[in-house]
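**Student:** Okay, so here is structure.cif, and as you'll see once you scroll down, it has mmCIF, C-alpha atoms and all ligand atoms.
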```cif
data_start
loop_
_atom_site.group_PDB
_atom_site.id
_atom_site.type_symbol
_atom_site.label_atom_id
_atom_site.label_comp_id
_atom_site.auth_asym_id
_atom_site.auth_seq_id
_atom_site.Cartn_x
_atom_site.Cartn_y
_atom_site.Cartn_z
ATOM 1 C CA MET Q 1 102.822 110.294 106.863
ATOM 2 C CA PRO Q 2 99.441 108.559 106.395
ATOM 3 C CA ALA Q 3 96.974 110.030 103.893
ATOM 4 C CA ALA Q 4 94.289 112.452 105.080
ATOM 5 C CA PHE Q 5 91.750 109.784 104.160
ATOM 6 C CA SER Q 6 92.116 106.303 102.812
ATOM 7 C CA CYS Q 7 89.825 103.355 102.380
ATOM 8 C CA ARG Q 8 90.483 99.857 101.166
ATOM 9 C CA ALA Q 9 87.981 97.284 99.952
ATOM 10 C CA LEU Q 10 85.310 99.377 101.648
ATOM 11 C CA GLU Q 11 81.892 97.754 101.689
ATOM 12 C CA LYS Q 12 78.501 98.809 102.950
ATOM 13 C CA ARG Q 13 75.307 96.825 102.772
ATOM 14 C CA TYR Q 14 71.943 98.173 103.858
ATOM 15 C CA GLY Q 15 69.955 94.957 103.986
ATOM 16 C CA SER Q 16 70.016 93.665 100.427
ATOM 17 C CA THR Q 17 71.287 96.974 99.004
ATOM 18 C CA ARG Q 18 74.993 97.041 98.327
ATOM 19 C CA ALA Q 19 75.791 100.746 98.686
ATOM 20 C CA LEU Q 20 79.574 100.234 98.510
ATOM 21 C CA ALA Q 21 81.041 97.159 96.881
ATOM 22 C CA GLY Q 22 84.762 97.283 97.672
ATOM 23 C CA VAL Q 23 86.070 100.816 97.173
ATOM 24 C CA ASP Q 24 89.746 101.845 97.310
ATOM 25 C CA LEU Q 25 90.300 105.590 97.551
ATOM 26 C CA HIS Q 26 92.723 107.963 99.190
ATOM 27 C CA VAL Q 27 92.949 111.697 99.698
ATOM 28 C CA GLU Q 28 96.434 113.028 100.340
ATOM 29 C CA ARG Q 29 97.011 115.822 102.823
ATOM 30 C CA GLY Q 30 96.150 119.133 101.237
ATOM 31 C CA GLU Q 31 94.578 117.398 98.239
ATOM 32 C CA LEU Q 32 91.157 118.261 96.866
ATOM 33 C CA VAL Q 33 89.345 115.196 95.566
ATOM 34 C CA GLY Q 34 85.956 115.321 93.874
ATOM 35 C CA LEU Q 35 83.648 112.355 94.264
ATOM 36 C CA LEU Q 36 81.198 112.023 91.380
ATOM 37 C CA GLY Q 37 78.528 109.506 90.588
ATOM 38 C CA PRO Q 38 74.829 109.096 89.783
ATOM 39 C CA ASN Q 39 72.147 109.251 92.465
ATOM 40 C CA GLY Q 40 72.486 106.249 94.738
ATOM 41 C CA ALA Q 41 76.100 105.530 93.699
ATOM 42 C CA GLY Q 42 77.292 105.509 97.313
ATOM 43 C CA LYS Q 43 78.929 108.938 97.653
ATOM 44 C CA SER Q 44 77.137 109.996 100.820
ATOM 45 C CA THR Q 45 77.578 106.544 102.303
ATOM 46 C CA LEU Q 46 81.332 106.764 101.799
ATOM 47 C CA THR Q 47 81.425 110.233 103.322
ATOM 48 C CA LYS Q 48 79.362 109.118 106.322
ATOM 49 C CA ILE Q 49 81.703 106.199 106.911
ATOM 50 C CA ALA Q 50 84.648 108.629 106.829
ATOM 51 C CA CYS Q 51 82.851 110.662 109.523
ATOM 52 C CA GLY Q 52 82.021 107.667 111.646
ATOM 53 C CA LEU Q 53 78.271 108.179 111.208
ATOM 54 C CA VAL Q 54 77.828 104.909 109.334
ATOM 55 C CA ARG Q 55 79.592 101.657 110.116
ATOM 56 C CA ALA Q 56 81.196 99.826 107.189
ATOM 57 C CA SER Q 57 80.176 96.222 106.525
ATOM 58 C CA GLY Q 58 83.702 95.347 105.387
ATOM 59 C CA GLY Q 59 87.095 96.781 104.486
ATOM 60 C CA GLU Q 60 88.929 99.634 106.149
ATOM 61 C CA ALA Q 61 88.562 103.399 106.341
ATOM 62 C CA GLU Q 62 91.119 105.638 108.019
ATOM 63 C CA VAL Q 63 91.553 109.333 108.673
ATOM 64 C CA GLU Q 64 95.223 110.282 109.063
ATOM 65 C CA GLY Q 65 95.927 106.647 109.861
ATOM 66 C CA ALA Q 66 93.299 106.373 112.634
ATOM 67 C CA PRO Q 67 90.175 104.225 112.151
ATOM 68 C CA ALA Q 68 87.272 106.329 110.841
ATOM 69 C CA GLY Q 69 84.929 107.172 113.695
ATOM 70 C CA SER Q 70 87.635 107.033 116.381
ATOM 71 C CA THR Q 71 88.198 110.083 118.574
ATOM 72 C CA GLU Q 72 91.471 110.913 116.764
ATOM 73 C CA ALA Q 73 89.797 110.593 113.358
ATOM 74 C CA ARG Q 74 86.844 112.731 114.392
ATOM 75 C CA ALA Q 75 89.149 115.414 115.784
ATOM 76 C CA ALA Q 76 90.720 115.819 112.341
ATOM 77 C CA ILE Q 77 87.542 116.245 110.264
ATOM 78 C CA GLY Q 78 84.965 118.860 109.439
ATOM 79 C CA TYR Q 79 81.687 117.715 107.864
ATOM 80 C CA LEU Q 80 78.789 119.243 106.050
ATOM 81 C CA ALA Q 81 75.981 116.771 105.486
ATOM 82 C CA GLU Q 82 73.985 116.643 102.290
ATOM 83 C CA LEU Q 83 70.640 117.248 103.979
ATOM 84 C CA PHE Q 84 71.251 119.311 107.064
ATOM 85 C CA ARG Q 85 68.938 121.486 109.087
ATOM 86 C CA PHE Q 86 70.158 123.884 111.731
ATOM 87 C CA PRO Q 87 67.905 125.137 114.563
ATOM 88 C CA GLY Q 88 65.977 128.015 113.020
ATOM 89 C CA TRP Q 89 66.069 130.183 116.123
ATOM 90 C CA LEU Q 90 69.874 130.419 116.316
ATOM 91 C CA SER Q 91 71.739 133.309 114.743
ATOM 92 C CA ALA Q 92 74.750 132.567 112.530
ATOM 93 C CA GLY Q 93 77.083 133.565 115.345
ATOM 94 C CA GLU Q 94 75.210 131.437 117.899
ATOM 95 C CA LEU Q 95 75.257 128.428 115.615
ATOM 96 C CA LEU Q 96 79.011 128.654 115.216
ATOM 97 C CA ARG Q 97 79.370 129.086 118.987
ATOM 98 C CA LEU Q 98 77.367 125.889 119.499
ATOM 99 C CA HIS Q 99 79.678 124.047 117.117
ATOM 100 C CA GLN Q 100 82.727 125.489 118.826
ATOM 101 C CA ARG Q 101 81.435 123.896 122.017
ATOM 102 C CA LEU Q 102 80.734 120.605 120.254
ATOM 103 C CA THR Q 103 84.239 120.475 118.775
ATOM 104 C CA SER Q 104 85.978 121.997 121.845
ATOM 105 C CA SER Q 105 87.339 124.776 119.660
ATOM 106 C CA ASP Q 106 88.875 127.642 121.630
ATOM 107 C CA GLY Q 107 88.826 129.953 118.614
ATOM 108 C CA GLY Q 108 86.293 132.299 120.272
ATOM 109 C CA ALA Q 109 84.736 135.303 118.542
ATOM 110 C CA ARG Q 110 87.748 135.696 116.310
ATOM 111 C CA GLU Q 111 87.268 132.277 114.716
ATOM 112 C CA ARG Q 112 83.528 132.892 114.307
ATOM 113 C CA ASP Q 113 84.079 136.251 112.614
ATOM 114 C CA GLU Q 114 86.812 134.908 110.397
ATOM 115 C CA LEU Q 115 84.687 131.969 109.238
ATOM 116 C CA LEU Q 116 81.608 134.081 108.559
ATOM 117 C CA ASP Q 117 83.750 136.496 106.527
ATOM 118 C CA LEU Q 118 85.303 133.569 104.667
ATOM 119 C CA VAL Q 119 81.906 132.347 103.438
ATOM 120 C CA GLY Q 120 80.597 135.816 102.700
ATOM 121 C CA LEU Q 121 78.267 136.034 105.715
ATOM 122 C CA GLY Q 122 80.168 138.762 107.526
ATOM 123 C CA ASP Q 123 77.042 140.932 107.624
ATOM 124 C CA ALA Q 124 74.767 138.109 108.789
ATOM 125 C CA ARG Q 125 76.270 137.387 112.227
ATOM 126 C CA ALA Q 126 73.014 138.271 113.975
ATOM 127 C CA THR Q 127 70.678 136.846 111.323
ATOM 128 C CA ARG Q 128 68.655 133.842 112.458
ATOM 129 C CA VAL Q 129 68.819 130.647 110.417
ATOM 130 C CA ASP Q 130 65.038 130.884 109.849
ATOM 131 C CA ALA Q 131 65.506 134.244 108.159
ATOM 132 C CA MET Q 132 68.264 132.999 105.849
ATOM 133 C CA SER Q 133 67.897 131.931 102.241
ATOM 134 C CA LYS Q 134 68.838 128.360 101.343
ATOM 135 C CA GLY Q 135 72.129 129.522 99.865
ATOM 136 C CA MET Q 136 72.996 131.498 103.023
ATOM 137 C CA GLN Q 137 72.257 128.406 105.131
ATOM 138 C CA GLN Q 138 74.524 126.337 102.932
ATOM 139 C CA ARG Q 139 77.343 128.830 103.314
ATOM 140 C CA LEU Q 140 76.746 128.836 107.057
ATOM 141 C CA GLY Q 141 76.994 125.048 106.850
ATOM 142 C CA ILE Q 142 80.409 125.321 105.259
ATOM 143 C CA ALA Q 143 81.539 127.772 107.960
ATOM 144 C CA GLN Q 144 80.257 125.282 110.554
ATOM 145 C CA ALA Q 145 82.329 122.507 108.941
ATOM 146 C CA LEU Q 146 85.434 124.663 109.316
ATOM 147 C CA VAL Q 147 85.036 125.266 113.054
ATOM 148 C CA GLY Q 148 88.095 123.978 114.913
ATOM 149 C CA ALA Q 149 90.369 124.150 111.841
ATOM 150 C CA PRO Q 150 89.880 120.577 110.549
ATOM 151 C CA ARG Q 151 92.595 119.017 108.408
ATOM 152 C CA LEU Q 152 90.139 116.962 106.364
ATOM 153 C CA LEU Q 153 86.944 118.543 105.140
ATOM 154 C CA LEU Q 154 84.104 116.263 104.021
ATOM 155 C CA LEU Q 155 81.575 118.225 102.000
ATOM 156 C CA ASP Q 156 78.489 116.433 100.693
ATOM 157 C CA GLU Q 157 77.143 118.565 97.846
ATOM 158 C CA PRO Q 158 78.030 121.877 99.477
ATOM 159 C CA THR Q 159 77.014 124.060 96.539
ATOM 160 C CA SER Q 160 73.725 122.481 95.472
ATOM 161 C CA ALA Q 161 71.704 125.474 96.682
ATOM 162 C CA LEU Q 162 74.132 128.183 95.696
ATOM 163 C CA ASP Q 163 73.763 130.710 92.915
ATOM 164 C CA PRO Q 164 76.719 131.205 90.529
ATOM 165 C CA ILE Q 165 78.270 133.894 92.728
ATOM 166 C CA GLY Q 166 77.906 131.746 95.843
ATOM 167 C CA ARG Q 167 79.565 128.856 94.008
ATOM 168 C CA ARG Q 168 82.402 131.104 93.066
ATOM 169 C CA VAL Q 169 82.804 132.110 96.720
ATOM 170 C CA VAL Q 170 82.990 128.432 97.706
ATOM 171 C CA ARG Q 171 85.418 127.597 94.891
ATOM 172 C CA ASP Q 172 87.743 130.393 95.962
ATOM 173 C CA LEU Q 173 87.375 129.227 99.537
ATOM 174 C CA LEU Q 174 88.358 125.679 98.603
ATOM 175 C CA SER Q 175 91.448 126.946 96.782
ATOM 176 C CA GLU Q 176 92.323 129.031 99.816
ATOM 177 C CA LEU Q 177 91.958 125.996 102.093
ATOM 178 C CA LYS Q 178 94.163 123.957 99.796
ATOM 179 C CA GLY Q 179 96.810 126.638 100.206
ATOM 180 C CA ARG Q 180 96.552 126.101 103.938
ATOM 181 C CA GLY Q 181 97.079 122.355 103.547
ATOM 182 C CA VAL Q 182 93.480 121.281 104.258
ATOM 183 C CA ALA Q 183 92.424 118.109 102.416
ATOM 184 C CA VAL Q 184 88.919 118.065 100.946
ATOM 185 C CA LEU Q 185 86.645 115.278 99.789
ATOM 186 C CA LEU Q 186 83.885 116.957 97.838
ATOM 187 C CA ASN Q 187 80.713 115.214 96.639
ATOM 188 C CA SER Q 188 79.077 117.001 93.781
ATOM 189 C CA HIS Q 189 76.990 116.618 90.650
ATOM 190 C CA LEU Q 190 78.436 119.786 89.171
ATOM 191 C CA LEU Q 191 81.031 118.501 86.756
ATOM 192 C CA SER Q 192 82.233 121.909 85.633
ATOM 193 C CA GLU Q 193 82.842 122.874 89.229
ATOM 194 C CA ILE Q 194 84.744 119.685 89.977
ATOM 195 C CA GLU Q 195 86.800 120.241 86.852
ATOM 196 C CA LEU Q 196 87.721 123.751 87.961
ATOM 197 C CA VAL Q 197 88.672 123.082 91.524
ATOM 198 C CA CYS Q 198 89.684 119.455 92.121
ATOM 199 C CA ASP Q 199 93.169 117.943 91.929
ATOM 200 C CA ARG Q 200 91.697 114.537 91.361
ATOM 201 C CA VAL Q 201 88.317 113.056 90.528
ATOM 202 C CA ALA Q 202 86.877 109.683 91.510
ATOM 203 C CA ILE Q 203 83.730 108.361 89.874
ATOM 204 C CA LEU Q 204 81.493 105.922 91.734
ATOM 205 C CA SER Q 205 78.782 103.888 90.083
ATOM 206 C CA ARG Q 206 76.617 101.342 91.907
ATOM 207 C CA GLY Q 207 79.033 101.280 94.800
ATOM 208 C CA GLU Q 208 82.140 100.711 92.718
ATOM 209 C CA LEU Q 209 84.952 103.045 91.770
ATOM 210 C CA VAL Q 210 84.758 103.072 87.984
ATOM 211 C CA SER Q 211 87.259 105.792 87.128
ATOM 212 C CA ALA Q 212 89.811 108.006 88.871
ATOM 213 C CA GLY Q 213 92.449 110.515 87.853
ATOM 214 C CA THR Q 214 93.075 114.222 87.390
ATOM 215 C CA PRO Q 215 90.365 116.065 85.459
ATOM 216 C CA ASP Q 216 92.820 116.329 82.536
ATOM 217 C CA GLU Q 217 93.560 112.623 82.580
ATOM 218 C CA LEU Q 218 89.875 111.760 82.486
ATOM 219 C CA ALA Q 219 89.096 114.271 79.758
ATOM 220 C CA GLN Q 220 91.557 112.749 77.283
ATOM 221 C CA PRO Q 221 91.868 113.972 73.702
ATOM 222 C CA ARG Q 222 89.809 111.723 71.477
ATOM 223 C CA ALA Q 223 90.456 112.404 67.820
ATOM 224 C CA VAL Q 224 91.896 114.678 65.177
ATOM 225 C CA GLU Q 225 89.594 115.731 62.347
ATOM 226 C CA VAL Q 226 90.999 117.035 59.077
ATOM 227 C CA GLU Q 227 88.815 118.811 56.569
ATOM 228 C CA THR Q 228 89.932 118.046 53.031
ATOM 229 C CA ALA Q 229 88.475 118.522 49.548
ATOM 230 C CA ASP Q 230 87.301 114.905 49.802
ATOM 231 C CA GLY Q 231 85.476 115.426 53.095
ATOM 232 C CA VAL Q 232 86.380 115.193 56.763
ATOM 233 C CA LEU Q 233 88.945 112.541 57.695
ATOM 234 C CA GLU Q 234 88.945 111.331 61.281
ATOM 235 C CA TYR Q 235 91.955 109.973 63.177
ATOM 236 C CA PRO Q 236 90.594 108.351 66.335
ATOM 237 C CA ARG Q 237 92.713 108.671 69.465
ATOM 238 C CA ALA Q 238 95.176 111.014 67.727
ATOM 239 C CA THR Q 239 96.260 114.032 69.772
ATOM 240 C CA ARG Q 240 97.484 117.532 69.054
ATOM 241 C CA ASP Q 241 101.049 116.192 68.895
ATOM 242 C CA ASP Q 242 100.085 113.985 65.951
ATOM 243 C CA VAL Q 243 98.755 116.876 63.840
ATOM 244 C CA PRO Q 244 102.014 117.825 62.006
ATOM 245 C CA ALA Q 245 102.647 114.238 60.880
ATOM 246 C CA ILE Q 246 99.030 113.704 59.789
ATOM 247 C CA VAL Q 247 99.001 116.946 57.826
ATOM 248 C CA ALA Q 248 102.425 116.289 56.247
ATOM 249 C CA GLU Q 249 101.305 112.851 55.097
ATOM 250 C CA LEU Q 250 98.040 114.122 53.625
ATOM 251 C CA VAL Q 251 99.784 116.971 51.799
ATOM 252 C CA ALA Q 252 102.403 114.548 50.457
ATOM 253 C CA ASP Q 253 99.513 112.429 49.136
ATOM 254 C CA GLY Q 254 98.208 115.461 47.295
ATOM 255 C CA HIS Q 255 95.268 116.366 49.560
ATOM 256 C CA GLU Q 256 94.170 119.957 50.002
ATOM 257 C CA ILE Q 257 93.570 120.798 53.669
ATOM 258 C CA PHE Q 258 90.982 123.345 54.745
ATOM 259 C CA GLY Q 259 90.980 122.836 58.492
ATOM 260 C CA VAL Q 260 92.194 120.718 61.387
ATOM 261 C CA ARG Q 261 90.336 120.183 64.651
ATOM 262 C CA VAL Q 262 91.582 118.400 67.755
ATOM 263 C CA ARG Q 263 88.531 116.939 69.448
ATOM 264 C CA SER Q 264 88.939 116.413 73.154
ATOM 265 C CA SER Q 265 86.429 114.855 75.496
ATOM 266 C CA THR Q 266 85.132 116.807 78.432
ATOM 267 C CA LEU Q 267 84.905 115.513 81.968
ATOM 268 C CA GLU Q 268 81.202 115.125 81.222
ATOM 269 C CA ASP Q 269 81.974 112.742 78.328
ATOM 270 C CA ALA Q 270 84.335 110.762 80.548
ATOM 271 C CA TYR Q 271 81.721 110.639 83.288
ATOM 272 C CA LEU Q 272 78.930 109.484 81.004
ATOM 273 C CA GLU Q 273 81.172 106.862 79.473
ATOM 274 C CA ALA Q 274 82.360 105.541 82.850
ATOM 275 C CA VAL Q 275 78.854 105.381 84.259
ATOM 276 C CA ALA Q 276 77.104 104.093 81.122
ATOM 277 C CA SER Q 277 79.506 101.173 80.780
ATOM 278 C CA ARG Q 278 78.241 99.692 84.063
HETATM 279 N N1 LIG M 301 70.096 104.410 105.718
HETATM 280 C C1 LIG M 301 69.903 103.701 104.621
HETATM 281 N N2 LIG M 301 69.136 102.584 104.634
HETATM 282 C C2 LIG M 301 68.941 101.849 103.526
HETATM 283 N N3 LIG M 301 69.495 102.125 102.340
HETATM 284 C C3 LIG M 301 70.280 103.221 102.248
HETATM 285 C C4 LIG M 301 70.520 104.068 103.380
HETATM 286 N N4 LIG M 301 71.339 105.076 102.979
HETATM 287 C C5 LIG M 301 71.580 104.884 101.693
HETATM 288 N N5 LIG M 301 70.951 103.765 101.237
HETATM 289 C C6 LIG M 301 71.041 103.218 99.866
HETATM 290 O O1 LIG M 301 72.417 103.073 99.539
HETATM 291 C C7 LIG M 301 72.672 103.453 98.196
HETATM 292 C C8 LIG M 301 73.702 104.563 98.162
HETATM 293 O O2 LIG M 301 73.131 105.753 98.702
HETATM 294 P P1 LIG M 301 73.946 107.104 98.888
HETATM 295 O O3 LIG M 301 73.088 108.032 99.642
HETATM 296 O O4 LIG M 301 75.279 106.788 99.460
HETATM 297 O O5 LIG M 301 74.118 107.568 97.369
HETATM 298 P P2 LIG M 301 74.660 108.960 96.794
HETATM 299 O O6 LIG M 301 75.709 108.614 95.791
HETATM 300 O O7 LIG M 301 75.041 109.886 97.872
HETATM 301 O O8 LIG M 301 73.380 109.487 96.007
HETATM 302 P P3 LIG M 301 72.854 111.021 95.767
HETATM 303 O O9 LIG M 301 73.617 111.544 94.590
HETATM 304 O O10 LIG M 301 71.408 110.826 95.434
HETATM 305 O O11 LIG M 301 73.086 111.804 97.006
HETATM 306 C C9 LIG M 301 71.318 103.811 97.614
HETATM 307 O O12 LIG M 301 70.830 102.666 96.970
HETATM 308 C C10 LIG M 301 70.483 104.156 98.821
HETATM 309 O O13 LIG M 301 69.122 103.896 98.584
HETATM 310 MG MG MG M 302 74.389 111.726 98.439
#
```
Translate this structure into structure tokens?
Ligand SMILES: Nc1ncnc2c1ncn2[C@@H]1O[C@H](COP(=O)(O)OP(=O)(O)OP(=O)(O)O)[C@@H](O)[C@H]1O
Ligand SMILES: [Mg+2]

**Tutor:**
Amino acid sequence: MPAAFSCRALEKRYGSTRALAGVDLHVERGELVGLLGPNGAGKSTLTKIACGLVRASGGEAEVEGAPAGSTEARAAIGYLAELFRFPGWLSAGELLRLHQRLTSSDGGARERDELLDLVGLGDARATRVDAMSKGMQQRLGIAQALVGAPRLLLLDEPTSALDPIGRRVVRDLLSELKGRGVAVLLNSHLLSEIELVCDRVAILSRGELVSAGTPDELAQPRAVEVETADGVLEYPRATRDDVPAIVAELVADGHEIFGVRVRSSTLEDAYLEAVASR
């Protein structure tokens, strides 16, 4: 079975700007992949190519094995753009109805109610977009992306306007979708959020994929520090598993040990390192 999304040697040039410089990435079915990277790294460009909104300059992009932008590919995706603006005069329910028409969803009122409940807007069915806070609009945007039960969800910074509770709602929602087998490609600058929710993380920098792996793989342990009477001894790259041997050796050499600390790097360290080395 082809991956939910895959791209190979993907390139995009806007005039002299190289937004993507040969990116290989895949998102398995039901997998939640976080796409990180500094401003201008090419995250939105990649997402727009996956949607068929932007044409690649080179390489391949496929959704469930169909070329990105084809009718089959578009039928499989749901998308929330980074900078979106819905017509202010529509109510939440009307907006979802419009998108049901656009996606030929026959889910009716039941789908609309279910989606609004899912994003915590159950009480805002009749509220007009104009009268919604930014965070409410963003949650409505996520509900809109879910119209027609897509199998691949492309979310470009879906929680940038949300308060901590709203982010929690979206995180729980993403876990719930994963349970239902929906694949998600999530662009975000919120490292802690990515760490909590994503199966895998890919880091883009200047249009290139500079690091990829599970959050745990990226946030590798970095050193063991041992506090002795002679000061703190550092064992670079040692892990928790090395602690007994290190301690045994030091004790055998006559050292007194007052403390041991396993220093691990966070996803933020890994990110800064991957991006700074470019
Ligand atoms: N329509 C466009 N025309 C010209 N250049 C563009 C266009 N869209 C994006 N770019 C350029 O392509 C590069 C990648 O932009 P992109 O929006 O994909 O980055 P991003 O990783 O999503 O950044 P951010 O975190 O700020 O959203 C940038 O240098 C940007 O200026
Ligand atoms: Mg962007």

**Student:** Return the single residue from Q:Ala270, Q:Ala245, Q:Leu204, Q:Leu218 that is closest to ligand LIG 301 (chain M), with distances computed using all atoms listed in the file.

**Tutor:**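 Checking each of Q:Ala270, Q:Ala245, Q:Leu204, Q:Leu218 against ligand LIG 301 (chain M), counting all atoms listed in the file, the winner is Q:Leu204.
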
**Student:** Compute the set of protein, DNA and RNA residues whose minimum atom distance to ligand LIG 301 (chain M) is at most 10 Å, using all atoms listed in the file, and state it as number ranges by chain.

**Tutor:** Q: 12-20, 35-49, 54, 82-83, 156-157, 187-189, 203-207

**Student:** Nearest residue to ligand MG 302 (chain M) out of Q:Leu162, Q:Leu272, Q:Ala81, Q:Leu233, using all atoms listed in the file?

**Tutor:**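 Counting all atoms listed in the file, the residue closest to ligand MG 302 (chain M) is Q:Ala81.
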
**Student:** Between Q:Gly166, Q:Gly30, Q:Gly259, Q:Gly78, which one has atoms that come closest to Leu154 of chain Q, using all atoms listed in the file?

**Tutor:** Q:Gly78

**Student:** Could you check how far atom CA of Leu152 of chain Q sits from atom CA of Leu186 of chain Q, in Å to one decimal?

**Tutor:**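 It comes out at 10.6 Å.
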
**Student:** Looking at all atoms listed in the file, which of Q:Ile257, Q:Val147, Q:Ala21, Q:Leu173 is the one that sits closest to Arg101 of chain Q?

**Tutor:**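 Among the listed residues, Q:Val147 lies closest to Arg101 of chain Q.
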
**Student:** If I take atom CA of Leu153 of chain Q and atom CA of Gly179 of chain Q, how far is one from the other in Å, to one decimal?

**Tutor:**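 Separation of atom CA of Leu153 of chain Q and atom CA of Gly179 of chain Q: 13.7 Å.
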
**Student:** Please measure the separation of atom CA of Glu114 of chain Q and atom CA of Ala50 of chain Q, giving the value in Å to one decimal.

**Tutor:**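 The value is 26.6 Å.
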
**Student:** Pick the closest to Cys198 of chain Q from Q:Leu32, Q:Ala276, Q:Ser265, Q:Asp163: which is it, counting only C-alpha atoms?

**Tutor:**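 Looking only at the distances to Cys198 of chain Q, the closest residue turns out to be Q:Leu32.
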